[in-house]
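Engineer: First, the structure itself, so that you have it in front of you.
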Amino acid sequence: MARYISLYSGSSGNCSVVEENGKFILIDMGKSARLTNKALTELGLDVKNLQGILVSHEHSDHISGLKVFLKNLRVPVYTGRATADYLMCRDLLPAHIDVQDISFAGFNIGDFYVKGFETPHDSVGCMGFRIATDKGHKMSIATDLGFVTEDIF
């Protein structure tokens with residue numbers, strides 16, 4: 001069964017997990033790598049099963065832990081073009097990280113199918129995500145606007 005878990009939420013940091021069968025994606029990384037790794041361990045999730053990180057927008061409460069968290073990992077980051085440019089121009093990601101522009105048409109991140117959608121926010125480019133798993137579970141997440149379930153699972 002798929003599950004959505006908010007690791008932390010609020011102006012001091014945001015990060016969520018969408019997980020199914022031990023494989024997972026992260027949405028945002030707004031606190032330290034240490035705190036995020038601790039939360040993942042407490043949930044029984046191994047970073048070896050992390051399939052990608054979605055970044056909703058460039059505000060520090062959504063990205064402040066990204067660079068350190070990804071220092072020793074090779075996990076792709078997915079975000080909108082404006083946010084990707086912001087992150088890369090300001091050296092907020094390790095050089096070895098593959099940053100992918102999210103397609104509004106949809107794409108696969110490992111076992112998850114993700115489609116981005118625009119959300120209103122005071123940022124260079126804010127987006128939410130519609131996520132479907134290989135088991136057919138679906139959800140929509142707009143981080144600063146809340147969480148909406150499309151199908152109950």
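Residue numbers start at 1 in each chain; chains themselves are named A, B, ... in the order of the structure tokens; ligands are numbered from 1 in the order shown.
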List every residue of stretch 11-41 of chain A that DSSP, applied to the backbone of this structure, assigns to alpha helix (DSSP H), and report them as number ranges by chain.
Structural biologist: A: 33-41
Engineer: Write out as an MDAnalysis selection string each polymer residue whose atoms come within 12 Å of stretch 97-100 of chain A, counting only C-alpha atoms; drop sequence neighbours fewer than 5 positions from it.
Structural biologist: chainID A and resid 52:55 66:88 91:92 107:109
Engineer: Hey, which of A:Glu118, A:Asp111, A:Asp46, A:Asp61 ends up closest to A:Ala132? Count only C-alpha atoms.
Structural biologist: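 Of all the options, A:Asp111 lies closest to A:Ala132.
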Engineer: Go through A:Asn14, A:Asn21, A:Ser9, A:Thr119 and flag the residue nearest A:Leu45, using only C-alpha atoms for the distances.
Structural biologist: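 Checking each of A:Asn14, A:Asn21, A:Ser9, A:Thr119 against A:Leu45, counting only C-alpha atoms, the winner is A:Asn21.
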Engineer: For A:Leu50, list every protein, DNA or RNA residue within 7 Å, evaluated using only C-alpha atoms, and leave out those in the same chain fewer than 2 positions away; present the list as a list in words.
Structural biologist: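 The filter keeps Lys23, Phe24, Ile25, Val47, Lys48 and Gly52 of chain A.
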Engineer: How about saving the chosen residues, C-alpha atoms kept, as a PDB file, in the first residue's frame?
Structural biologist:
```
ATOM      1  CA  LYS A  23      10.810   2.439  -2.601  1.00  0.00           C
ATOM      2  CA  PHE A  24      10.208   6.138  -2.119  1.00  0.00           C
ATOM      3  CA  ILE A  25      10.556   9.684  -3.354  1.00  0.00           C
ATOM      4  CA  VAL A  47      18.268   5.821   1.185  1.00  0.00           C
ATOM      5  CA  LYS A  48      19.368   3.080  -1.250  1.00  0.00           C
ATOM      6  CA  GLY A  52      14.325  10.869  -6.649  1.00  0.00           C
TER       7      GLY A  52
END
```
Engineer: Can you work out which one of A:Gly116, A:Gly10, A:Ile5, A:Arg34 has the shortest atom-to-atom distance to A:Asp101, counting only C-alpha atoms?
Structural biologist: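 Closest to A:Asp101 of all the choices is A:Gly116.
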Engineer: What does the distance from atom CA of A:Val114 to atom CA of A:Ile63 come to in Å, to one decimal?
Structural biologist: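 Going from atom CA of A:Val114 over to atom CA of A:Ile63 covers 19.5 Å.
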Engineer: Provide the atom CA of A:Ala33 to atom CA of A:Gly106 distance in Å, to one decimal place.
Structural biologist: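 Separating atom CA of A:Ala33 from atom CA of A:Gly106 is a distance of 28.3 Å.
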Engineer: Let's see if you can do this: from backbone DSSP, list all strand (DSSP E or B) residues in chain A, as an MDAnalysis selection string.
Structural biologist: chainID A and resid 3:8 15:20 23:27 50:54 77:79 99:101 107:109 112:118 127:133 138:142 146:148
